[in-house]
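S.K.: What follows is protein.cif, made up of mmCIF, C-alpha atoms:
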data_data
loop_
_atom_site.label_atom_id
_atom_site.label_comp_id
_atom_site.auth_asym_id
_atom_site.auth_seq_id
_atom_site.Cartn_x
_atom_site.Cartn_y
_atom_site.Cartn_z
CA MET A 295 63.05 23.40 -15.77
CA ASN A 296 61.27 24.38 -12.54
CA GLY A 297 60.99 27.90 -11.12
CA SER A 298 59.90 31.20 -12.59
CA LEU A 299 61.58 32.75 -15.61
CA SER A 300 62.41 35.91 -13.68
CA GLU A 301 64.11 33.88 -10.94
CA ALA A 302 66.12 32.01 -13.56
CA LEU A 303 67.21 35.25 -15.19
CA ARG A 304 68.16 36.80 -11.85
CA THR A 305 70.24 33.73 -11.05
CA ALA A 306 72.03 33.95 -14.40
CA PHE A 307 72.74 37.65 -13.99
CA ALA A 308 74.00 37.12 -10.42
CA ALA A 309 76.45 34.52 -11.75
CA ASP A 310 77.51 36.89 -14.56
CA GLU A 311 76.17 34.33 -17.03
CA ALA A 312 74.62 35.30 -20.36
CA ALA A 313 71.06 34.11 -21.00
CA ALA A 314 68.53 34.18 -23.79
CA LEU A 315 64.77 34.63 -23.68
CA VAL A 316 62.93 32.30 -26.04
CA THR A 317 59.29 33.23 -26.68
CA LEU A 318 56.60 31.47 -28.67
CA ALA A 319 55.43 34.68 -30.32
CA GLU A 320 52.77 33.34 -32.67
CA VAL A 321 50.99 30.03 -33.23
CA LYS A 322 48.68 28.80 -35.96
CA GLY A 323 46.83 25.51 -35.93
CA SER A 324 47.66 22.71 -33.52
CA THR A 325 50.75 23.40 -31.42
CA PRO A 326 52.13 22.01 -28.14
CA ARG A 327 51.93 25.37 -26.32
CA GLU A 328 50.06 28.64 -26.57
CA ALA A 329 51.44 31.96 -27.79
CA GLY A 330 53.39 33.66 -25.02
CA ALA A 331 54.98 30.47 -23.66
CA ALA A 332 58.63 31.15 -22.96
CA MET A 333 61.96 29.81 -21.72
CA VAL A 334 65.11 31.29 -20.25
CA VAL A 335 68.15 29.53 -21.68
CA SER A 336 71.71 29.80 -20.44
CA GLU A 337 74.73 27.69 -21.26
CA ARG A 338 74.04 25.40 -18.31
CA SER A 339 70.29 25.49 -17.73
CA VAL A 340 66.83 25.83 -19.22
CA THR A 341 63.82 27.16 -17.32
CA GLY A 342 60.33 27.01 -18.79
CA THR A 343 59.10 25.24 -21.90
CA ILE A 344 57.64 26.10 -25.30
CA GLY A 345 56.23 22.59 -25.73
CA GLY A 346 59.07 20.11 -25.77
CA GLY A 347 60.08 17.88 -28.65
CA THR A 348 62.22 18.82 -31.60
CA ILE A 349 61.00 22.41 -31.76
CA GLU A 350 62.16 23.07 -28.20
CA TRP A 351 65.53 21.39 -28.64
CA ASP A 352 66.12 23.39 -31.81
CA ALA A 353 65.19 26.63 -30.03
CA ILE A 354 67.59 25.84 -27.18
CA ALA A 355 70.38 25.17 -29.68
CA ILE A 356 69.66 28.46 -31.48
CA ALA A 357 69.66 30.33 -28.16
CA ARG A 358 72.97 28.85 -27.06
CA GLY A 359 74.47 29.54 -30.46
CA MET A 360 73.35 33.14 -30.12
CA LEU A 361 74.94 33.42 -26.68
CA ALA A 362 78.24 32.19 -28.11
CA GLY A 363 78.14 34.75 -30.94
CA VAL A 364 77.34 38.39 -31.53
CA VAL A 365 73.72 38.27 -32.77
CA ASP A 366 71.20 39.60 -30.25
CA ARG A 367 67.89 38.57 -31.80
CA GLU A 368 66.58 35.95 -34.18
CA VAL A 369 63.08 35.13 -35.43
CA VAL A 370 62.44 31.49 -36.31
CA ARG A 371 59.39 30.21 -38.19
CA ARG A 372 58.64 26.49 -38.34
CA ALA A 373 55.93 24.19 -39.63
CA LEU A 374 55.62 21.42 -37.06
CA GLY A 375 54.90 18.78 -39.67
CA PRO A 376 57.30 18.87 -42.61
CA ASP A 377 60.01 20.97 -41.02
CA LEU A 378 60.41 19.00 -37.82
CA GLY A 379 58.83 15.60 -38.29
CA GLN A 380 56.22 16.35 -35.62
CA CYS A 381 52.61 15.51 -36.29
CA CYS A 382 50.96 18.51 -34.58
CA GLY A 383 50.43 20.16 -37.96
CA GLY A 384 50.63 23.77 -36.78
CA HIS A 385 52.99 26.64 -37.43
CA VAL A 386 54.98 28.60 -34.87
CA THR A 387 57.00 31.80 -34.78
CA ILE A 388 59.70 31.85 -32.13
CA VAL A 389 61.63 34.92 -31.04
CA VAL A 390 65.06 34.25 -29.53
CA GLU A 391 66.78 37.27 -27.97
CA ARG A 392 69.69 37.95 -25.67
CA ALA A 393 68.29 38.72 -22.21
CA THR A 394 68.91 42.14 -20.68
CA ALA A 395 67.88 44.06 -17.57
CA GLU A 396 64.85 45.20 -19.56
CA SER A 397 63.97 41.55 -20.19
CA LEU A 398 63.98 40.94 -16.45
CA THR A 399 61.75 43.94 -15.79
CA MET A 400 59.32 42.73 -18.44
CA LEU A 401 59.24 39.18 -17.03
CA VAL A 402 58.59 40.39 -13.49
CA ALA A 403 55.71 42.57 -14.69
CA ARG A 404 54.28 39.74 -16.76
CA GLU A 405 54.49 37.24 -13.92
CA ASP A 406 52.90 39.68 -11.47
CA GLU A 407 50.05 40.31 -13.90
CA GLU A 408 49.57 36.60 -14.57
CA ARG A 409 49.57 35.82 -10.85
CA SER A 410 46.93 38.48 -10.19
CA ARG A 411 44.62 36.68 -12.64
CA LEU A 412 45.08 33.22 -11.13
CA ARG A 413 42.17 31.71 -9.23
CA PRO A 414 42.67 31.58 -5.45
CA ILE A 415 42.77 28.22 -3.68
CA THR A 416 42.71 28.02 0.12
CA ILE A 417 43.75 24.94 2.06
CA TYR A 418 42.39 24.83 5.61
CA GLY A 419 44.63 22.69 7.80
CA ALA A 420 48.36 22.09 7.51
CA GLY A 421 48.47 18.50 8.62
CA HIS A 422 49.91 15.69 6.50
CA VAL A 423 47.27 15.92 3.76
CA GLY A 424 47.24 19.73 3.76
CA ARG A 425 51.00 19.90 3.33
CA ALA A 426 50.90 17.25 0.60
CA LEU A 427 48.18 19.18 -1.22
CA ALA A 428 50.20 22.38 -0.94
CA ARG A 429 53.11 20.59 -2.64
CA ALA A 430 50.81 19.20 -5.34
CA LEU A 431 49.31 22.60 -6.11
CA ASP A 432 52.61 24.49 -5.85
CA PRO A 433 53.57 24.31 -9.56
CA LEU A 434 50.01 24.65 -10.84
CA PRO A 435 48.44 27.89 -12.14
CA PHE A 436 46.64 28.94 -8.97
CA ARG A 437 47.24 31.38 -6.13
CA THR A 438 47.37 28.90 -3.29
CA ARG A 439 47.49 29.59 0.41
CA ILE A 440 47.35 27.32 3.45
CA VAL A 441 46.04 28.34 6.86
CA ASP A 442 46.30 26.76 10.29
CA ALA A 443 46.32 28.19 13.80
CA ARG A 444 49.16 25.81 14.66
CA GLY A 445 52.40 27.54 13.74
CA THR A 446 54.43 24.35 13.99
CA GLU A 447 52.33 22.77 11.24
CA ILE A 448 52.59 25.83 9.01
CA ASP A 449 56.36 25.82 9.54
CA ALA A 450 56.45 22.29 8.09
CA VAL A 451 54.92 23.39 4.76
CA THR A 452 57.60 23.06 2.09
CA ALA A 453 55.77 24.34 -1.00
CA SER A 454 57.76 27.34 -2.20
CA ARG A 455 55.00 29.34 -3.96
CA VAL A 456 52.19 28.70 -1.47
CA ASP A 457 51.38 31.51 0.96
CA ARG A 458 51.36 30.45 4.62
CA ILE A 459 48.94 31.89 7.17
CA VAL A 460 49.14 31.23 10.90
CA GLY A 461 45.67 32.18 12.06
CA SER A 462 41.99 31.40 12.27
CA CYS A 463 40.56 29.16 9.56
CA THR A 464 37.07 30.57 10.10
CA ALA A 465 38.28 34.15 9.79
CA VAL A 466 40.08 33.33 6.54
CA ALA A 467 36.95 31.62 5.18
CA GLU A 468 34.78 34.61 6.08
CA SER A 469 37.06 37.03 4.22
CA ALA A 470 37.93 34.82 1.23
CA GLU A 471 37.84 36.15 -2.31
CA PRO A 472 34.73 35.20 -4.29
CA GLY A 473 35.11 32.64 -7.05
CA GLY A 474 37.87 30.63 -5.43
CA GLY A 475 38.44 27.07 -4.35
CA HIS A 476 38.53 25.75 -0.80
CA VAL A 477 39.76 22.44 0.60
CA VAL A 478 38.82 21.82 4.23
CA LEU A 479 40.94 19.27 6.08
CA THR A 480 41.66 20.61 9.54
CA HIS A 481 42.52 18.52 12.59
CA SER A 482 39.01 19.06 14.03
CA HIS A 483 35.64 17.92 12.68
CA ALA A 484 34.00 20.79 14.56
CA LEU A 485 36.32 23.28 12.86
CA ASP A 486 35.73 21.60 9.49
CA SER A 487 32.01 22.09 10.01
CA LEU A 488 32.35 25.77 10.93
CA VAL A 489 34.54 26.53 7.91
CA CYS A 490 32.26 24.67 5.50
CA ALA A 491 29.13 26.31 6.95
CA SER A 492 30.67 29.76 6.54
CA LEU A 493 31.56 29.09 2.91
CA LEU A 494 28.21 27.46 2.12
CA GLU A 495 26.30 30.39 3.61
CA ARG A 496 28.26 32.71 1.32
CA GLY A 497 27.88 30.43 -1.68
CA ASP A 498 30.33 32.40 -3.84
CA PHE A 499 32.93 29.65 -4.36
CA MET A 500 33.70 27.52 -7.40
CA TYR A 501 34.94 24.51 -5.47
CA LEU A 502 34.45 23.42 -1.86
CA GLY A 503 35.99 20.11 -0.87
CA LEU A 504 35.83 18.44 2.54
CA ILE A 505 38.05 15.54 3.55
CA GLY A 506 36.17 12.58 4.96
CA SER A 507 33.83 9.72 4.25
CA ALA A 508 30.23 9.54 3.04
CA THR A 509 29.25 9.12 6.69
CA LYS A 510 30.99 12.37 7.62
CA ARG A 511 29.23 14.11 4.76
CA ALA A 512 25.84 12.86 5.92
CA THR A 513 26.49 14.09 9.45
CA PHE A 514 27.58 17.50 8.22
CA VAL A 515 24.66 17.79 5.83
CA ARG A 516 22.20 17.37 8.69
CA ALA A 517 23.95 20.18 10.57
CA PHE A 518 23.90 22.44 7.51
CA ARG A 519 20.18 21.85 7.06
CA ASP A 520 19.64 22.88 10.67
CA LEU A 521 21.34 26.16 9.77
CA ASP A 522 18.82 26.59 6.91
CA ILE A 523 21.52 26.37 4.24
CA SER A 524 19.81 25.61 0.96
CA GLU A 525 19.90 22.12 -0.57
CA GLU A 526 21.30 23.62 -3.75
CA ARG A 527 24.34 24.96 -1.92
CA ILE A 528 24.80 21.83 0.19
CA ALA A 529 24.82 19.75 -3.02
CA ARG A 530 27.89 21.66 -4.19
CA LEU A 531 29.98 20.34 -1.28
CA VAL A 532 32.49 17.77 -2.57
CA CYS A 533 32.95 15.01 0.00
CA PRO A 534 34.70 12.62 -0.24
CA ILE A 535 37.33 14.63 -2.11
CA GLY A 536 39.34 13.24 -5.00
CA GLY A 537 36.64 10.84 -6.15
CA THR A 538 36.11 7.23 -5.16
CA ALA A 539 37.86 5.35 -7.96
CA VAL A 540 41.16 5.14 -6.05
CA ARG A 541 40.93 3.98 -2.45
CA ASP A 542 44.34 4.95 -1.16
CA LYS A 543 44.68 7.07 1.96
CA ARG A 544 48.32 8.05 1.65
CA PRO A 545 48.54 11.87 1.81
CA ALA A 546 50.44 12.21 -1.46
CA VAL A 547 47.87 10.11 -3.31
CA ILE A 548 44.94 12.03 -1.84
CA ALA A 549 46.70 15.27 -2.75
CA ALA A 550 47.25 14.19 -6.36
CA LEU A 551 43.60 13.22 -6.75
CA VAL A 552 42.33 16.45 -5.20
CA ALA A 553 44.71 18.56 -7.29
CA ALA A 554 43.36 16.85 -10.42
CA GLU A 555 39.80 17.56 -9.24
CA ILE A 556 40.65 21.23 -8.75
CA VAL A 557 42.32 21.47 -12.15
CA ALA A 558 39.25 19.92 -13.80
CA THR A 559 36.95 22.36 -11.99
CA PHE A 560 38.86 25.53 -12.84
CA LEU A 561 40.61 24.70 -16.11
CA GLY A 562 38.31 22.12 -17.67
CA GLY A 563 36.09 22.70 -20.65
CA GLY A 564 38.81 23.62 -23.13
CA ASP A 565 39.72 21.80 -26.33
#
Could you write out this structure as structure tokens?

M.R.:
Amino acid sequence: MNGSLSEALRTAFAADEAAALVTLAEVKGSTPREAGAAMVVSERSVTGTIGGGTIEWDAIAIARGMLAGVVDREVVRRALGPDLGQCCGGHVTIVVERATAESLTMLVAREDEERSRLRPITIYGAGHVGRALARALDPLPFRTRIVDARGTEIDAVTASRVDRIVGSCTAVAESAEPGGGHVVLTHSHALDSLVCASLLERGDFMYLGLIGSATKRATFVRAFRDLDISEERIARLVCPIGGTAVRDKRPAVIAALVAAEIVATFLGGGD
């Protein structure tokens, strides 16, 4: 179920395979997904999700039945309690329709618009932890990029949706979009300090994380004070990153903890 809906539909069309677009058109009460959640369903694959469980399996069956017949569109209304034996208690309206070239155009436009609204996250340093963090953030709803002057390290980044930049970390920090997130974990403490100082002087970020220990933080804080950076801004620096509850230094574990921290910062506060 990984990958974008437009990519899935392109793949189906390229293979001359029929596909259906399943959209959660309306929700009332408690439901597993929000209105607008969608799937692309073909005879052999499903991309996306409308929330899982019985409602999703039923929608997939309806879509595949449609593909095997002559009907092009069906509207399905379900109560998640009595109708399906689920305890969410809400009501959903699902639109199942045979996918066309127009469907693909609509999905591409929707995905472009959604991506433009995603918060930007910049990873400074493409070493082991940077690459692991890129993989952890890859499927999450952010516009993530990773920067390193070392092209060989950037070449080793495997995250498919993360933008790669071979260049100056300080230059990228100086020109970064306001309101974004930044994770600083370069190969050089001096470079870490320069990047953090640049971002702290600007102060227009939502998250600034620095890899390292409490001792590293204390050393950096003294340097930032010498630059007359305010205590209020310095206090916003997250270091160590990922919290202290789990003391595991494997890159994948650090990346998971930092990704969770970023998600909580940008997406927290909802019901």

S.K.: Could you state the separation of CA of Gly424 in chain A and CA of Ala546 in chain A in Å, given to one decimal place?

M.R.: 9.7 Å

S.K.: To test your reading of the syntax: which residues would the PyMOL selection byres ((chain A and resi 335-349) around 10) return for the file shown? Reply as JSON, numbers by chain.

M.R.: {"A": [295, 296, 297, 298, 299, 300, 301, 302, 303, 306, 311, 312, 313, 314, 315, 316, 317, 318, 325, 326, 327, 328, 329, 330, 331, 332, 333, 334, 350, 351, 352, 353, 354, 355, 356, 357, 358, 359, 361, 362, 372, 373, 374, 377, 378, 379, 380, 386, 388, 390, 392, 393]}

S.K.: Given the file above and the PyMOL selection byres ((chain A and resi 514) around 10), which residues are selected, and can you give them as a list in words?

M.R.: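 For this structure, the PyMOL selection byres ((chain A and resi 514) around 10) resolves to His483, Ala484, Asp486, Ser487, Leu488, Cys490, Ala491, Ala508, Thr509, Lys510, Arg511, Ala512, Thr513, Val515, Arg516, Ala517, Phe518, Arg519, Asp520 and Ile528 of chain A.
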
S.K.: Nearest to Thr305 in chain A among A:Val365, A:Ala467, A:Val532, A:Leu398, with distances taken over only C-alpha atoms: which residue is it?

M.R.: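 That would be A:Leu398, the residue with the smallest distance to Thr305 in chain A.
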
S.K.: Which distance in Å separates CA of Ile459 in chain A and CA of Gly445 in chain A, to one decimal?

M.R.: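 Taking CA of Ile459 in chain A as the start and CA of Gly445 in chain A as the end point, the length is 8.6 Å.
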
S.K.: Neighbouring residues of Val466 in chain A were defined as those with any atom within 10 Å, considering all atoms listed in the file; residues of the same chain fewer than 2 positions away were excluded. Please report them as JSON, numbers by chain.

M.R.: {"A": [416, 418, 440, 441, 442, 459, 461, 462, 463, 464, 468, 469, 470, 471, 489]}

S.K.: If I take CA of Ala453 in chain A and CA of Pro545 in chain A, how far is one from the other in Å, to one decimal?

M.R.: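 Going from CA of Ala453 in chain A over to CA of Pro545 in chain A covers 14.7 Å.
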
S.K.: Tell me which of A:Thr394, A:Thr387, A:Ser324, A:Ser492 sits closest to Glu368 in chain A, counting all atoms listed in the file.

M.R.: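 Distance minimum relative to Glu368 in chain A lands on A:Thr387.
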
S.K.: Just the residues within 10 Å of Leu561 in chain A, please, counting only C-alpha atoms, with nothing from its chain fewer than 5 positions along; format it as JSON, numbers by chain.

M.R.: {"A": [413, 435, 555, 556]}

S.K.: Selected by the PyMOL selection byres ((chain A and resi 531) around 10) in the shown coordinates: which residues, as a short mmCIF file (atom, residue, chain, number, x, y, z; two decimals) with C-alpha atoms, in the frame of the given file?

M.R.:
data_model
loop_
_atom_site.label_atom_id
_atom_site.label_comp_id
_atom_site.auth_asym_id
_atom_site.auth_seq_id
_atom_site.Cartn_x
_atom_site.Cartn_y
_atom_site.Cartn_z
CA CYS A 490 32.26 24.67 5.50
CA LEU A 493 31.56 29.09 2.91
CA LEU A 494 28.21 27.46 2.12
CA TYR A 501 34.94 24.51 -5.47
CA LEU A 502 34.45 23.42 -1.86
CA GLY A 503 35.99 20.11 -0.87
CA LEU A 504 35.83 18.44 2.54
CA ARG A 511 29.23 14.11 4.76
CA VAL A 515 24.66 17.79 5.83
CA GLU A 526 21.30 23.62 -3.75
CA ARG A 527 24.34 24.96 -1.92
CA ILE A 528 24.80 21.83 0.19
CA ALA A 529 24.82 19.75 -3.02
CA ARG A 530 27.89 21.66 -4.19
CA VAL A 532 32.49 17.77 -2.57
CA CYS A 533 32.95 15.01 0.00
CA PRO A 534 34.70 12.62 -0.24
CA ILE A 535 37.33 14.63 -2.11
#

S.K.: Kindly indicate which residue among A:Pro433, A:Gly363, A:Gly497, A:Gly506 lies nearest to Ser454 in chain A, using all atoms listed in the file for the distances.

M.R.: A:Pro433

S.K.: Kindly list the centre and edge lengths in Å, rounded to one decimal, for the axis-aligned box that covers all listed atoms of range 415-419 of chain A plus 3 Å on each of its six sides, as AutoDock Vina command-line options.

M.R.:
--center_x 43.5 --center_y 25.5 --center_z 2.1 --size_x 8.2 --size_y 11.5 --size_z 17.5

S.K.: Give me, as a short mmCIF file (atom, residue, chain, number, x, y, z; two decimals) with C-alpha atoms, keeping the file's coordinate frame, all polymer residues having an atom no more than 8 Å from Phe499 in chain A, counting all atoms listed in the file and skipping those fewer than 4 positions away in the same chain.

M.R.:
data_model
loop_
_atom_site.label_atom_id
_atom_site.label_comp_id
_atom_site.auth_asym_id
_atom_site.auth_seq_id
_atom_site.Cartn_x
_atom_site.Cartn_y
_atom_site.Cartn_z
CA PRO A 472 34.73 35.20 -4.29
CA GLY A 473 35.11 32.64 -7.05
CA GLY A 474 37.87 30.63 -5.43
CA GLY A 475 38.44 27.07 -4.35
CA HIS A 476 38.53 25.75 -0.80
CA LEU A 493 31.56 29.09 2.91
#

S.K.: Take range 352-364 of chain A from the block and save it with all heavy atoms, as a PDB file, in the first residue's frame.

M.R.:
ATOM      1  N   ASP A 352     -14.491  -4.153   2.469  1.00  0.00           N
ATOM      2  CA  ASP A 352     -15.724  -4.095   1.696  1.00  0.00           C
ATOM      3  C   ASP A 352     -15.574  -3.169   0.482  1.00  0.00           C
ATOM      4  O   ASP A 352     -16.038  -3.483  -0.620  1.00  0.00           O
ATOM      5  CB  ASP A 352     -16.879  -3.597   2.570  1.00  0.00           C
ATOM      6  CG  ASP A 352     -17.403  -4.679   3.509  1.00  0.00           C
ATOM      7  OD1 ASP A 352     -16.894  -5.815   3.443  1.00  0.00           O
ATOM      8  OD2 ASP A 352     -18.304  -4.371   4.313  1.00  0.00           O
ATOM      9  N   ALA A 353     -14.923  -2.024   0.696  1.00  0.00           N
ATOM     10  CA  ALA A 353     -14.734  -1.073  -0.405  1.00  0.00           C
ATOM     11  C   ALA A 353     -13.852  -1.665  -1.498  1.00  0.00           C
ATOM     12  O   ALA A 353     -14.110  -1.464  -2.692  1.00  0.00           O
ATOM     13  CB  ALA A 353     -14.129   0.224   0.127  1.00  0.00           C
ATOM     14  N   ILE A 354     -12.822  -2.402  -1.107  1.00  0.00           N
ATOM     15  CA  ILE A 354     -11.960  -3.055  -2.093  1.00  0.00           C
ATOM     16  C   ILE A 354     -12.760  -4.084  -2.896  1.00  0.00           C
ATOM     17  O   ILE A 354     -12.636  -4.166  -4.125  1.00  0.00           O
ATOM     18  CB  ILE A 354     -10.758  -3.718  -1.400  1.00  0.00           C
ATOM     19  CG1 ILE A 354      -9.830  -2.648  -0.816  1.00  0.00           C
ATOM     20  CG2 ILE A 354      -9.988  -4.613  -2.372  1.00  0.00           C
ATOM     21  CD1 ILE A 354      -8.752  -3.199   0.099  1.00  0.00           C
ATOM     22  N   ALA A 355     -13.600  -4.855  -2.204  1.00  0.00           N
ATOM     23  CA  ALA A 355     -14.414  -5.853  -2.892  1.00  0.00           C
ATOM     24  C   ALA A 355     -15.386  -5.191  -3.868  1.00  0.00           C
ATOM     25  O   ALA A 355     -15.588  -5.669  -4.996  1.00  0.00           O
ATOM     26  CB  ALA A 355     -15.170  -6.698  -1.873  1.00  0.00           C
ATOM     27  N   ILE A 356     -15.989  -4.070  -3.443  1.00  0.00           N
ATOM     28  CA  ILE A 356     -16.911  -3.350  -4.329  1.00  0.00           C
ATOM     29  C   ILE A 356     -16.158  -2.830  -5.550  1.00  0.00           C
ATOM     30  O   ILE A 356     -16.635  -2.918  -6.690  1.00  0.00           O
ATOM     31  CB  ILE A 356     -17.577  -2.193  -3.562  1.00  0.00           C
ATOM     32  CG1 ILE A 356     -18.538  -2.756  -2.501  1.00  0.00           C
ATOM     33  CG2 ILE A 356     -18.310  -1.260  -4.518  1.00  0.00           C
ATOM     34  CD1 ILE A 356     -19.032  -1.727  -1.515  1.00  0.00           C
ATOM     35  N   ALA A 357     -14.964  -2.291  -5.328  1.00  0.00           N
ATOM     36  CA  ALA A 357     -14.170  -1.752  -6.435  1.00  0.00           C
ATOM     37  C   ALA A 357     -13.801  -2.842  -7.426  1.00  0.00           C
ATOM     38  O   ALA A 357     -13.918  -2.653  -8.649  1.00  0.00           O
ATOM     39  CB  ALA A 357     -12.905  -1.082  -5.887  1.00  0.00           C
ATOM     40  N   ARG A 358     -13.376  -3.976  -6.926  1.00  0.00           N
ATOM     41  CA  ARG A 358     -12.986  -5.061  -7.838  1.00  0.00           C
ATOM     42  C   ARG A 358     -14.199  -5.653  -8.553  1.00  0.00           C
ATOM     43  O   ARG A 358     -14.106  -6.065  -9.710  1.00  0.00           O
ATOM     44  CB  ARG A 358     -12.205  -6.119  -7.061  1.00  0.00           C
ATOM     45  CG  ARG A 358     -10.795  -5.621  -6.746  1.00  0.00           C
ATOM     46  CD  ARG A 358      -9.960  -6.570  -5.950  1.00  0.00           C
ATOM     47  NE  ARG A 358      -8.580  -6.077  -5.892  1.00  0.00           N
ATOM     48  CZ  ARG A 358      -7.709  -6.385  -4.936  1.00  0.00           C
ATOM     49  NH1 ARG A 358      -8.053  -7.207  -3.959  1.00  0.00           N
ATOM     50  NH2 ARG A 358      -6.496  -5.886  -4.962  1.00  0.00           N
ATOM     51  N   GLY A 359     -15.335  -5.671  -7.864  1.00  0.00           N
ATOM     52  CA  GLY A 359     -16.556  -6.101  -8.533  1.00  0.00           C
ATOM     53  C   GLY A 359     -16.937  -5.147  -9.648  1.00  0.00           C
ATOM     54  O   GLY A 359     -17.382  -5.573 -10.723  1.00  0.00           O
ATOM     55  N   MET A 360     -16.750  -3.858  -9.405  1.00  0.00           N
ATOM     56  CA  MET A 360     -17.030  -2.861 -10.432  1.00  0.00           C
ATOM     57  C   MET A 360     -16.119  -3.052 -11.640  1.00  0.00           C
ATOM     58  O   MET A 360     -16.567  -2.996 -12.794  1.00  0.00           O
ATOM     59  CB  MET A 360     -16.841  -1.454  -9.861  1.00  0.00           C
ATOM     60  CG  MET A 360     -16.966  -0.349 -10.893  1.00  0.00           C
ATOM     61  SD  MET A 360     -16.679   1.279 -10.166  1.00  0.00           S
ATOM     62  CE  MET A 360     -18.137   1.423  -9.133  1.00  0.00           C
ATOM     63  N   LEU A 361     -14.843  -3.304 -11.384  1.00  0.00           N
ATOM     64  CA  LEU A 361     -13.897  -3.471 -12.481  1.00  0.00           C
ATOM     65  C   LEU A 361     -14.235  -4.692 -13.331  1.00  0.00           C
ATOM     66  O   LEU A 361     -13.938  -4.716 -14.533  1.00  0.00           O
ATOM     67  CB  LEU A 361     -12.472  -3.594 -11.936  1.00  0.00           C
ATOM     68  CG  LEU A 361     -11.923  -2.347 -11.222  1.00  0.00           C
ATOM     69  CD1 LEU A 361     -10.538  -2.629 -10.650  1.00  0.00           C
ATOM     70  CD2 LEU A 361     -11.872  -1.155 -12.174  1.00  0.00           C
ATOM     71  N   ALA A 362     -14.852  -5.685 -12.730  1.00  0.00           N
ATOM     72  CA  ALA A 362     -15.215  -6.897 -13.464  1.00  0.00           C
ATOM     73  C   ALA A 362     -16.541  -6.752 -14.203  1.00  0.00           C
ATOM     74  O   ALA A 362     -16.914  -7.608 -15.008  1.00  0.00           O
ATOM     75  CB  ALA A 362     -15.293  -8.086 -12.500  1.00  0.00           C
ATOM     76  N   GLY A 363     -17.271  -5.636 -13.926  1.00  0.00           N
ATOM     77  CA  GLY A 363     -18.575  -5.454 -14.556  1.00  0.00           C
ATOM     78  C   GLY A 363     -18.621  -4.246 -15.460  1.00  0.00           C
ATOM     79  O   GLY A 363     -17.618  -3.860 -16.054  1.00  0.00           O
ATOM     80  N   VAL A 364     -19.800  -3.642 -15.534  1.00  0.00           N
ATOM     81  CA  VAL A 364     -19.992  -2.527 -16.472  1.00  0.00           C
ATOM     82  C   VAL A 364     -20.325  -1.220 -15.759  1.00  0.00           C
ATOM     83  O   VAL A 364     -20.363  -0.164 -16.386  1.00  0.00           O
ATOM     84  CB  VAL A 364     -21.119  -2.851 -17.477  1.00  0.00           C
ATOM     85  CG1 VAL A 364     -20.723  -4.020 -18.351  1.00  0.00           C
ATOM     86  CG2 VAL A 364     -22.432  -3.145 -16.764  1.00  0.00           C
TER      87      VAL A 364
END
